[in-house]
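First comes the structure, then the notes that go with it.
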Amino acid sequence: MKKKAFPAPSDSTAERKRLKESDAHKKHWMRWGPYLSERQWATVREDYSGNGDAWRFFPHDQARSRVYRWGEDGLAGMSDNHQRLCISLALWNGKDKILKERLYGLTNHEGNHGEDVKELYYYLDNTPTHSYMKYLYKYPQAAFPYDQLVKESTSRSRIEPEYELIDTGIFNDDKYFDVFVEYAKDGQDEDDILIKITAHNRGPQEAPVHLIPQFWFRNTWAWFPEGEVKVPSLQKKGDLVIEADHDSLGKRWVHFEAIAGAGPDLIFTNNETNEQKVFNNVNKCPYAKDAFHEYVVNGNQAAINQKDHRGTKAAGVYKFEKVPAGGKVEVRVRLNKKPPGPAGKTQAAAGVVTAEFERVIQERIKESDDFYNQLALKDLAPDLRSIQRQALAGMLWSKQFYHFDQRSWRKGDPIGPPPPPERTNLRNKEWKHMYVDDILSMPDKWEYPFFAAWDMAFHTIPLSLVDPTFAKKQLDLLTREWYMHPSGQIPAYEWNFSDVNPPVHAWATLQVYKTEERLYGTADDLFLERVFQKLLLNFTWWVNRKDTEGNNVFEGGFLGLDNIGLFNRSEPLPNGATLRQADGTSWMAFFSLCMLHIALELAKKNKAYEDIASKFLEHFFHISDAMTYHSGSEEKSLWDSVDNFFYDSISWPGGHTQRLKTRSLVGLIPLFSVLALDPEYVDLFPGFKKRLNWLLAYREKTRPARVFKKEDTKESGSFLLALVDQTMLREVLKRLLDENEFLSPFGIRSLSKYHKDHPLSMWMNGQEFRVDYLPAESDSGMFGGNSNWRGPIWLPTTYLLVCSLKRFHYFYGPDFKVECPTGSGIMKNLEEVAWEIEVRLVKLVGQNKRGQRAANGGVDKTDKDPFFKDLVLFYEYFDAESGKGLGASHQTGWTGLLAVLVHQVGNKCGQS
């Protein structure tokens, strides 16, 4: 079955032309984008406590009143690329006790599975230059059930499902607004931003709503001695215009459309902490951050600046008292560099004219359609086409401005109180060099509004389809000196930069390089070489720090696969034991092969890289020996020749080892280490070829080399580097494709279903350590409230598995077949097996014949309601038996890989 290639995008589309202008630095199309976080409160950056409890140090209840130090958040937000001026939407339905300025969710302490956003919102469209963006927020007409959500969630156990907003009944009888927020840039001016807000009353009765577009400056001045930083300003200029003046951003004007009977009412305050409310201190500034809440919700006229109508935060309040049932209201606002006419009359000068405004919006929509239509197969079913577009829109909406100066954070701010002494040894003390001021791809802008290293590697795969320049920059940034530790370690994520993520960045770098070459005809050798040079440092760090016994067996953590086994693998084992990780060792073999492949690509133009490729070939040999051959000792091998599977093992003081017979991803990850080399490709590198042949001859009589050659075929001379031979591959695939073990109707389980009836238990120091098959959520908080690799389906590891099967197929060809599913009698080659897994993954979000999406968890409202059924959420992981979405609901980061998979399965995703 031949793999379907993505169509090569045409340079003729308007969006591609903008991308080329941006790459050539002719126009700054990326200056404005969806860079506003969806949660800044309770992040590590805002935590100045002595105990590191970020959730309690800066809770949601303080977010409307207390100024952030390192970033901003908002609803359906936008900002410039240094987050100087921010834009977002605020809403009020006349009943809420809080002005809806940001998304609400539970803290790690409140949710029965950890932090959890409790809103319904969707990313509908976005182009790479953010020339057009569309966002949907479902706003209830009843009072938002804050207390109900907390009370019910805290009362539930870990084995119970999460209590979601839709479970409260607040959307019953359709009593809600669909609020669409659209941003469009003028086709000729990257600084001309059109904002359209449309609220549809889906309910059976008329209902009120306030639509409040907000503009404010990130507070960069309050942390320094007075006069050191110039304070920007927002000031009223006539009835419909606000002037925004910033020292580095310059002057801009916000133009509001007048709507008879609705407004706008232009209001002003300052982005300053309400000291009296938060800390019971005297307010230094009479107008504080929460003034709009006070004014709109509580009717407090004195809260806003009505004297000179200026501040660092402003808004236009549109009050719609009666939106008809089934009706809609619209608000139009424009931000640009065009000053108003006399007395603030903006209709002609600024272009806030309905006909012209709508023309620009419609042009950007058409251009977005043109851009995405060329990425999709012509015969792709409409539902799959929609899924692909929403997945890519989510990837682009998940960009965020991330600012963090580790040294300043630890030291404390000049005018603030000194940090408590406990912070000296709190977290990330070894990362004093960290200074981040970039646009980064977030895993989830509410649940994980911070970069996560191995997540980001997977993000770049779908991102490279639409914007390879941005994808490359993400990989490059992680290896730059202000991110990477001097030791060569790549920072994991802000809760603990020193945690260990699987080394997937070399793989991602090569994939992005190849995707850009295939789709856009550009082989960016400079990018490949500069990242490769930094990854050499990272590889050395792994070898020096995570192979304590020096025997090429690796250990020590793996955040992201943290609770895949019996023990917390980020912590030392009792009794001085060492965990010998089959997956850790396999990841290093995988890392070696990826580095080898990159070195060969670079050797096409610089023969010195042939030597480096040979070095990684030897590394691969050493690691493969440790995995499957250990001085002739079956006991020390990580391959169990009785069970025909890979397992972790414990190395006890004194030399004794014990296998931990958990059938999990641990035993499947060795399949990732595979590289096929065609003879004509190897012939390009005579030095490498000579070394390869010498090593094979030298090792032939001593131990298996894990290099396989084709004989007596037209491909004779091809090489396959892999940790498994044909026999081992067949044995592992028997378990992988067994529906009573790993093969789920919706992909690959992270733990074999075998452990449902055969849990693994071990006693150590009077404590039982146990692994049970858990298809949905974890029953333990040991590894974090929402972490579970004991059964559910995860996109990134399954995607790597699919890629590996295709590489095996490339070498073995169509005649190598296995039973799929195991016991079915149906024989398939490995590309067909990979395709079968892809189809099952797409079934997670694709509609079946009954119009249901497995990820929706059987909720009729989301499956069948005309205003829900076409909306897709990209969850963090999925129930292995039902396909229900779990974890973060907008983990568009790595689940955005569905944009790639949908394309590859085409219309044959099994509409059952």
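Following the order of the structure tokens, first chain is A, next is B, and so on, with residues numbered from 1 inside each chain and ligands from 1 in the order they appear.
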Residues within 12 Å of Asp173 of chain A, only C-alpha atoms, excluding chain neighbours under 6 positions, as an NGL selection string: :A and (140-142 or 201-205 or 325 or 861 or 865)
List the neighbours of Val724 of chain A out to 9 Å using only C-alpha atoms; skip same-chain residues closer than 2 positions along the sequence, and give me the result as an NGL selection string. :A and (624 or 628 or 670-671 or 673-674 or 706 or 721-722 or 726-729)
Kindly export the residues of the current selection with N, CA and C atoms, as a PDB file, in the first residue's frame.
```pdb
ATOM      1  N   SER A 624      22.897  -1.863  21.139  1.00  0.00           N
ATOM      2  CA  SER A 624      22.169  -3.072  20.733  1.00  0.00           C
ATOM      3  C   SER A 624      22.728  -4.304  21.444  1.00  0.00           C
ATOM      4  N   THR A 628      20.302  -6.772  23.866  1.00  0.00           N
ATOM      5  CA  THR A 628      19.946  -8.149  23.497  1.00  0.00           C
ATOM      6  C   THR A 628      21.079  -9.158  23.668  1.00  0.00           C
ATOM      7  N   PRO A 670      11.631  -0.477  21.620  1.00  0.00           N
ATOM      8  CA  PRO A 670      12.768  -0.964  20.828  1.00  0.00           C
ATOM      9  C   PRO A 670      12.500  -1.025  19.330  1.00  0.00           C
ATOM     10  N   LEU A 671      11.224  -1.112  18.939  1.00  0.00           N
ATOM     11  CA  LEU A 671      10.903  -1.133  17.505  1.00  0.00           C
ATOM     12  C   LEU A 671      11.194   0.206  16.838  1.00  0.00           C
ATOM     13  N   SER A 673      13.810   1.890  16.887  1.00  0.00           N
ATOM     14  CA  SER A 673      15.205   1.969  16.426  1.00  0.00           C
ATOM     15  C   SER A 673      15.377   1.159  15.158  1.00  0.00           C
ATOM     16  N   VAL A 674      15.149   1.793  14.041  1.00  0.00           N
ATOM     17  CA  VAL A 674      15.257   1.095  12.750  1.00  0.00           C
ATOM     18  C   VAL A 674      15.627   2.114  11.678  1.00  0.00           C
ATOM     19  N   ARG A 706      23.187  -6.617  14.744  1.00  0.00           N
ATOM     20  CA  ARG A 706      21.919  -5.937  14.517  1.00  0.00           C
ATOM     21  C   ARG A 706      21.945  -5.107  13.240  1.00  0.00           C
ATOM     22  N   LEU A 721      19.474  -1.365   9.951  1.00  0.00           N
ATOM     23  CA  LEU A 721      19.970  -1.268  11.316  1.00  0.00           C
ATOM     24  C   LEU A 721      18.763  -1.277  12.239  1.00  0.00           C
ATOM     25  N   ALA A 722      18.684  -2.268  13.117  1.00  0.00           N
ATOM     26  CA  ALA A 722      17.531  -2.405  13.998  1.00  0.00           C
ATOM     27  C   ALA A 722      17.930  -3.180  15.242  1.00  0.00           C
ATOM     28  N   GLN A 726      14.320 -10.517  12.316  1.00  0.00           N
ATOM     29  CA  GLN A 726      12.994 -10.907  11.833  1.00  0.00           C
ATOM     30  C   GLN A 726      12.224 -11.719  12.861  1.00  0.00           C
ATOM     31  N   THR A 727      12.928 -12.638  13.507  1.00  0.00           N
ATOM     32  CA  THR A 727      12.260 -13.501  14.475  1.00  0.00           C
ATOM     33  C   THR A 727      11.737 -12.685  15.651  1.00  0.00           C
ATOM     34  N   MET A 728      12.571 -11.825  16.193  1.00  0.00           N
ATOM     35  CA  MET A 728      12.156 -10.983  17.308  1.00  0.00           C
ATOM     36  C   MET A 728      11.015 -10.054  16.900  1.00  0.00           C
ATOM     37  N   LEU A 729      11.112  -9.493  15.693  1.00  0.00           N
ATOM     38  CA  LEU A 729      10.076  -8.596  15.202  1.00  0.00           C
ATOM     39  C   LEU A 729       8.730  -9.296  15.142  1.00  0.00           C
TER      40      LEU A 729
END
```
Given the choices A:Ala393, A:Leu579, A:Ala626, A:Leu596, which gets closest to Leu124 of chain A if the distance is worked out from only C-alpha atoms? A:Ala393
What's the 6 Å shell around segment 646-659 of chain A, counting only C-alpha atoms, without same-chain residues fewer than 2 positions away, as number ranges by chain? A: 577-582, 638-639, 661, 667
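Between atom CA of Asn281 of chain A and atom CA of Ala303 of chain A the separation is 16.9 Å.
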Long-range neighbours of segment 616-618 of chain A as number ranges by chain, 12 Å cut-off, only C-alpha atoms, 3 positions minimum in chain: A: 536, 539-540, 552, 588-600, 609-613, 621-625, 675, 688-689, 691-696, 699, 705-707, 720-722
Please identify every residue of segment 656-700 of chain A that has at least one atom no farther than 10 Å from an atom of segment 770-782 of chain A, counting only C-alpha atoms, and for each give the shortest atom pair and the distance in Å to one decimal, arranged by chain then increasing number, as a tab-separated table.
```
residue	atom	partner	partner_atom	distance
A:Thr662	CA	A:Val771	CA	7.7
A:Arg663	CA	A:Val771	CA	10.0
A:Ser664	CA	A:Tyr773	CA	9.7
```
Would you put the residues from that selection into a file with C-alpha atoms, as a tab-separated table (two decimals), in the first residue's frame?
```tsv
chain	number	residue	atom	x	y	z
A	662	THR	CA	5.44	-5.51	32.63
A	663	ARG	CA	4.01	-5.77	29.14
A	664	SER	CA	3.98	-2.10	28.26
```
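Using only C-alpha atoms for every distance, the candidate list A:Asp437, A:Phe450, A:Gln62, A:Phe527 yields A:Gln62 as the residue closest to Phe279 of chain A.
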Could you pull out the strand (DSSP E or B) residues of segment 249-412 of chain A, going by DSSP on the backbone, and write them as a PDB file with N, CA and C atoms, in the first residue's frame?
```
ATOM      1  N   GLY A 250       5.236  52.021  19.455  1.00  0.00           N
ATOM      2  CA  GLY A 250       4.775  53.215  18.761  1.00  0.00           C
ATOM      3  C   GLY A 250       3.308  53.488  19.035  1.00  0.00           C
ATOM      4  N   LYS A 251       2.733  54.352  18.210  1.00  0.00           N
ATOM      5  CA  LYS A 251       1.325  54.711  18.382  1.00  0.00           C
ATOM      6  C   LYS A 251       0.435  53.881  17.470  1.00  0.00           C
ATOM      7  N   ARG A 252      -0.696  53.502  18.053  1.00  0.00           N
ATOM      8  CA  ARG A 252      -1.743  52.823  17.304  1.00  0.00           C
ATOM      9  C   ARG A 252      -3.084  53.336  17.801  1.00  0.00           C
ATOM     10  N   TRP A 253      -4.119  53.088  16.996  1.00  0.00           N
ATOM     11  CA  TRP A 253      -5.439  53.538  17.376  1.00  0.00           C
ATOM     12  C   TRP A 253      -6.434  52.392  17.261  1.00  0.00           C
ATOM     13  N   VAL A 254      -7.324  52.315  18.233  1.00  0.00           N
ATOM     14  CA  VAL A 254      -8.392  51.326  18.255  1.00  0.00           C
ATOM     15  C   VAL A 254      -9.679  52.032  17.868  1.00  0.00           C
ATOM     16  N   HIS A 255     -10.311  51.572  16.799  1.00  0.00           N
ATOM     17  CA  HIS A 255     -11.521  52.194  16.275  1.00  0.00           C
ATOM     18  C   HIS A 255     -12.703  51.264  16.516  1.00  0.00           C
ATOM     19  N   PHE A 256     -13.735  51.777  17.161  1.00  0.00           N
ATOM     20  CA  PHE A 256     -14.921  50.982  17.486  1.00  0.00           C
ATOM     21  C   PHE A 256     -16.082  51.390  16.575  1.00  0.00           C
ATOM     22  N   ILE A 259     -22.940  51.198  17.590  1.00  0.00           N
ATOM     23  CA  ILE A 259     -24.152  50.403  17.411  1.00  0.00           C
ATOM     24  C   ILE A 259     -25.262  51.056  18.224  1.00  0.00           C
ATOM     25  N   GLY A 263     -23.893  50.799  22.227  1.00  0.00           N
ATOM     26  CA  GLY A 263     -22.617  51.382  22.608  1.00  0.00           C
ATOM     27  C   GLY A 263     -21.723  51.647  21.417  1.00  0.00           C
ATOM     28  N   ASP A 265     -19.429  51.949  25.169  1.00  0.00           N
ATOM     29  CA  ASP A 265     -19.055  52.774  26.307  1.00  0.00           C
ATOM     30  C   ASP A 265     -17.565  52.531  26.537  1.00  0.00           C
ATOM     31  N   LEU A 266     -16.736  53.515  26.220  1.00  0.00           N
ATOM     32  CA  LEU A 266     -15.290  53.341  26.358  1.00  0.00           C
ATOM     33  C   LEU A 266     -14.890  53.564  27.806  1.00  0.00           C
ATOM     34  N   ILE A 267     -14.226  52.566  28.394  1.00  0.00           N
ATOM     35  CA  ILE A 267     -13.858  52.626  29.808  1.00  0.00           C
ATOM     36  C   ILE A 267     -12.356  52.378  29.976  1.00  0.00           C
ATOM     37  N   PHE A 268     -11.806  52.912  31.087  1.00  0.00           N
ATOM     38  CA  PHE A 268     -10.356  52.893  31.286  1.00  0.00           C
ATOM     39  C   PHE A 268     -10.011  52.565  32.734  1.00  0.00           C
ATOM     40  N   THR A 269      -8.905  51.867  32.892  1.00  0.00           N
ATOM     41  CA  THR A 269      -8.318  51.632  34.206  1.00  0.00           C
ATOM     42  C   THR A 269      -6.832  51.368  33.997  1.00  0.00           C
ATOM     43  N   ARG A 310      -8.138  57.636  30.645  1.00  0.00           N
ATOM     44  CA  ARG A 310      -6.873  57.061  30.200  1.00  0.00           C
ATOM     45  C   ARG A 310      -6.409  56.024  31.206  1.00  0.00           C
ATOM     46  N   GLY A 311      -5.426  55.220  30.817  1.00  0.00           N
ATOM     47  CA  GLY A 311      -4.874  54.203  31.690  1.00  0.00           C
ATOM     48  C   GLY A 311      -3.999  53.262  30.893  1.00  0.00           C
ATOM     49  N   LYS A 313      -5.175  49.971  30.625  1.00  0.00           N
ATOM     50  CA  LYS A 313      -6.143  48.952  30.245  1.00  0.00           C
ATOM     51  C   LYS A 313      -7.425  49.675  29.832  1.00  0.00           C
ATOM     52  N   ALA A 314      -7.991  49.284  28.692  1.00  0.00           N
ATOM     53  CA  ALA A 314      -9.186  49.950  28.177  1.00  0.00           C
ATOM     54  C   ALA A 314     -10.093  48.926  27.512  1.00  0.00           C
ATOM     55  N   ALA A 315     -11.341  49.319  27.330  1.00  0.00           N
ATOM     56  CA  ALA A 315     -12.309  48.417  26.700  1.00  0.00           C
ATOM     57  C   ALA A 315     -13.459  49.222  26.120  1.00  0.00           C
ATOM     58  N   GLY A 316     -14.146  48.596  25.201  1.00  0.00           N
ATOM     59  CA  GLY A 316     -15.400  49.136  24.683  1.00  0.00           C
ATOM     60  C   GLY A 316     -16.518  48.197  25.103  1.00  0.00           C
ATOM     61  N   VAL A 317     -17.469  48.713  25.884  1.00  0.00           N
ATOM     62  CA  VAL A 317     -18.557  47.884  26.413  1.00  0.00           C
ATOM     63  C   VAL A 317     -19.768  48.026  25.510  1.00  0.00           C
ATOM     64  N   TYR A 318     -20.179  46.899  24.918  1.00  0.00           N
ATOM     65  CA  TYR A 318     -21.406  46.845  24.128  1.00  0.00           C
ATOM     66  C   TYR A 318     -22.447  46.076  24.927  1.00  0.00           C
ATOM     67  N   LYS A 319     -23.589  46.728  25.210  1.00  0.00           N
ATOM     68  CA  LYS A 319     -24.637  46.113  26.016  1.00  0.00           C
ATOM     69  C   LYS A 319     -25.824  45.774  25.120  1.00  0.00           C
ATOM     70  N   PHE A 320     -26.051  44.494  24.935  1.00  0.00           N
ATOM     71  CA  PHE A 320     -27.204  44.033  24.175  1.00  0.00           C
ATOM     72  C   PHE A 320     -28.206  43.464  25.170  1.00  0.00           C
ATOM     73  N   GLU A 321     -29.262  44.195  25.422  1.00  0.00           N
ATOM     74  CA  GLU A 321     -30.211  43.814  26.472  1.00  0.00           C
ATOM     75  C   GLU A 321     -31.098  42.660  26.056  1.00  0.00           C
ATOM     76  N   LYS A 322     -31.413  42.561  24.762  1.00  0.00           N
ATOM     77  CA  LYS A 322     -32.341  41.525  24.316  1.00  0.00           C
ATOM     78  C   LYS A 322     -31.883  40.962  22.971  1.00  0.00           C
ATOM     79  N   VAL A 323     -31.112  39.895  23.015  1.00  0.00           N
ATOM     80  CA  VAL A 323     -30.737  39.198  21.789  1.00  0.00           C
ATOM     81  C   VAL A 323     -31.835  38.180  21.504  1.00  0.00           C
ATOM     82  N   LYS A 328     -28.740  36.993  16.428  1.00  0.00           N
ATOM     83  CA  LYS A 328     -27.321  37.252  16.670  1.00  0.00           C
ATOM     84  C   LYS A 328     -27.072  38.748  16.752  1.00  0.00           C
ATOM     85  N   VAL A 329     -25.952  39.090  17.369  1.00  0.00           N
ATOM     86  CA  VAL A 329     -25.459  40.473  17.389  1.00  0.00           C
ATOM     87  C   VAL A 329     -23.994  40.452  17.009  1.00  0.00           C
ATOM     88  N   GLU A 330     -23.523  41.564  16.433  1.00  0.00           N
ATOM     89  CA  GLU A 330     -22.134  41.637  15.968  1.00  0.00           C
ATOM     90  C   GLU A 330     -21.485  42.930  16.426  1.00  0.00           C
ATOM     91  N   VAL A 331     -20.189  42.838  16.680  1.00  0.00           N
ATOM     92  CA  VAL A 331     -19.375  43.987  17.054  1.00  0.00           C
ATOM     93  C   VAL A 331     -18.138  44.001  16.164  1.00  0.00           C
ATOM     94  N   ARG A 332     -17.788  45.198  15.681  1.00  0.00           N
ATOM     95  CA  ARG A 332     -16.602  45.336  14.836  1.00  0.00           C
ATOM     96  C   ARG A 332     -15.657  46.361  15.438  1.00  0.00           C
ATOM     97  N   VAL A 333     -14.384  45.985  15.491  1.00  0.00           N
ATOM     98  CA  VAL A 333     -13.338  46.845  16.042  1.00  0.00           C
ATOM     99  C   VAL A 333     -12.116  46.729  15.138  1.00  0.00           C
ATOM    100  N   ARG A 334     -11.344  47.803  15.055  1.00  0.00           N
ATOM    101  CA  ARG A 334     -10.152  47.772  14.198  1.00  0.00           C
ATOM    102  C   ARG A 334      -8.982  48.431  14.912  1.00  0.00           C
ATOM    103  N   LEU A 335      -7.852  47.752  14.888  1.00  0.00           N
ATOM    104  CA  LEU A 335      -6.608  48.278  15.461  1.00  0.00           C
ATOM    105  C   LEU A 335      -5.630  48.523  14.326  1.00  0.00           C
ATOM    106  N   ASN A 336      -5.171  49.770  14.193  1.00  0.00           N
ATOM    107  CA  ASN A 336      -4.211  50.053  13.134  1.00  0.00           C
ATOM    108  C   ASN A 336      -3.414  51.312  13.459  1.00  0.00           C
ATOM    109  N   LYS A 399       0.251  28.769  19.806  1.00  0.00           N
ATOM    110  CA  LYS A 399       1.461  29.570  19.971  1.00  0.00           C
ATOM    111  C   LYS A 399       1.272  30.517  21.159  1.00  0.00           C
ATOM    112  N   GLN A 400       2.359  30.808  21.848  1.00  0.00           N
ATOM    113  CA  GLN A 400       2.255  31.681  23.028  1.00  0.00           C
ATOM    114  C   GLN A 400       3.557  32.428  23.257  1.00  0.00           C
ATOM    115  N   PHE A 401       3.438  33.685  23.632  1.00  0.00           N
ATOM    116  CA  PHE A 401       4.608  34.437  24.097  1.00  0.00           C
ATOM    117  C   PHE A 401       5.011  33.891  25.455  1.00  0.00           C
ATOM    118  N   TYR A 402       6.280  33.510  25.575  1.00  0.00           N
ATOM    119  CA  TYR A 402       6.788  32.929  26.823  1.00  0.00           C
ATOM    120  C   TYR A 402       8.005  33.727  27.248  1.00  0.00           C
ATOM    121  N   HIS A 403       7.874  34.345  28.418  1.00  0.00           N
ATOM    122  CA  HIS A 403       8.972  35.167  28.941  1.00  0.00           C
ATOM    123  C   HIS A 403       9.335  34.680  30.336  1.00  0.00           C
ATOM    124  N   PHE A 404      10.633  34.440  30.522  1.00  0.00           N
ATOM    125  CA  PHE A 404      11.081  33.963  31.830  1.00  0.00           C
ATOM    126  C   PHE A 404      12.580  34.199  31.953  1.00  0.00           C
ATOM    127  N   ASP A 405      12.964  34.960  32.959  1.00  0.00           N
ATOM    128  CA  ASP A 405      14.373  35.199  33.275  1.00  0.00           C
ATOM    129  C   ASP A 405      14.646  34.514  34.614  1.00  0.00           C
TER     130      ASP A 405
END
```
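In terms of minimum interatomic distance to Arg64 of chain A, A:Thr273 ranks closest within A:Asn81, A:Thr354, A:Ser22, A:Thr273, counting only C-alpha atoms.
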Could you produce a table of the residues of segment 680-784 of chain A lying within 6 Å of segment 816-840 of chain A, with the nearest pair of atoms per residue and their separation in Å rounded to one decimal, using only C-alpha atoms, ordered by chain and increasing residue number, as a tab-separated table?
```
residue	atom	partner	partner_atom	distance
A:Lys734	CA	A:Thr822	CA	5.9
A:Leu737	CA	A:Pro821	CA	5.1
A:Asp738	CA	A:Thr822	CA	4.8
A:Pro745	CA	A:Arg840	CA	5.9
A:Phe746	CA	A:Arg840	CA	4.4
A:Gly747	CA	A:Arg840	CA	5.1
```
Which polymer residues have any atom within 8 Å of an atom of segment 511-518 of chain A, counting only C-alpha atoms, with same-chain residues fewer than 3 positions away left out, as a list of chain:residue names? A:Ala8, A:Thr460, A:Ile461, A:Ser464, A:Leu465, A:Pro468, A:Ala471, A:Lys472, A:Trp507, A:Ala508, A:Gly521, A:Thr522, A:Ala523, A:Asp524, A:Leu528
Write out as a compact mmCIF listing (two decimals) with N, CA and C atoms, in the first residue's frame the residues lying within 9 Å of Pro420 of chain A, counting only C-alpha atoms and excluding same-chain residues fewer than 6 positions away.
```
# COMPACT_ATOMS: atom_id res chain seq x y z
N TYR A 48 6.17 32.94 43.62
CA TYR A 48 7.27 33.46 44.43
C TYR A 48 7.20 32.92 45.86
N SER A 49 6.52 31.78 46.02
CA SER A 49 6.35 31.21 47.35
C SER A 49 7.63 30.50 47.80
N GLY A 50 7.64 30.13 49.07
CA GLY A 50 8.77 29.39 49.61
C GLY A 50 8.62 27.89 49.48
```
Could you give me, as a tab-separated table, a per-residue list for segment 191-240 of chain A showing, wherever an atom lies at most 12 Å from an atom of segment 92-101 of chain A, the closest pair of atoms and their distance in Å to one decimal, using only C-alpha atoms and sorting by chain then residue number from low to high?
```
residue	atom	partner	partner_atom	distance
A:Ala199	CA	A:Asn93	CA	11.5
A:Asn201	CA	A:Asn93	CA	11.5
A:Glu206	CA	A:Asn93	CA	11.8
A:Ala207	CA	A:Asn93	CA	8.0
A:Pro208	CA	A:Asn93	CA	5.9
A:Val209	CA	A:Asn93	CA	4.6
A:His210	CA	A:Trp92	CA	5.0
A:Leu211	CA	A:Trp92	CA	7.2
A:Ile212	CA	A:Trp92	CA	8.4
A:Pro213	CA	A:Glu101	CA	9.8
A:Gln214	CA	A:Glu101	CA	9.0
A:Phe215	CA	A:Glu101	CA	11.7
```
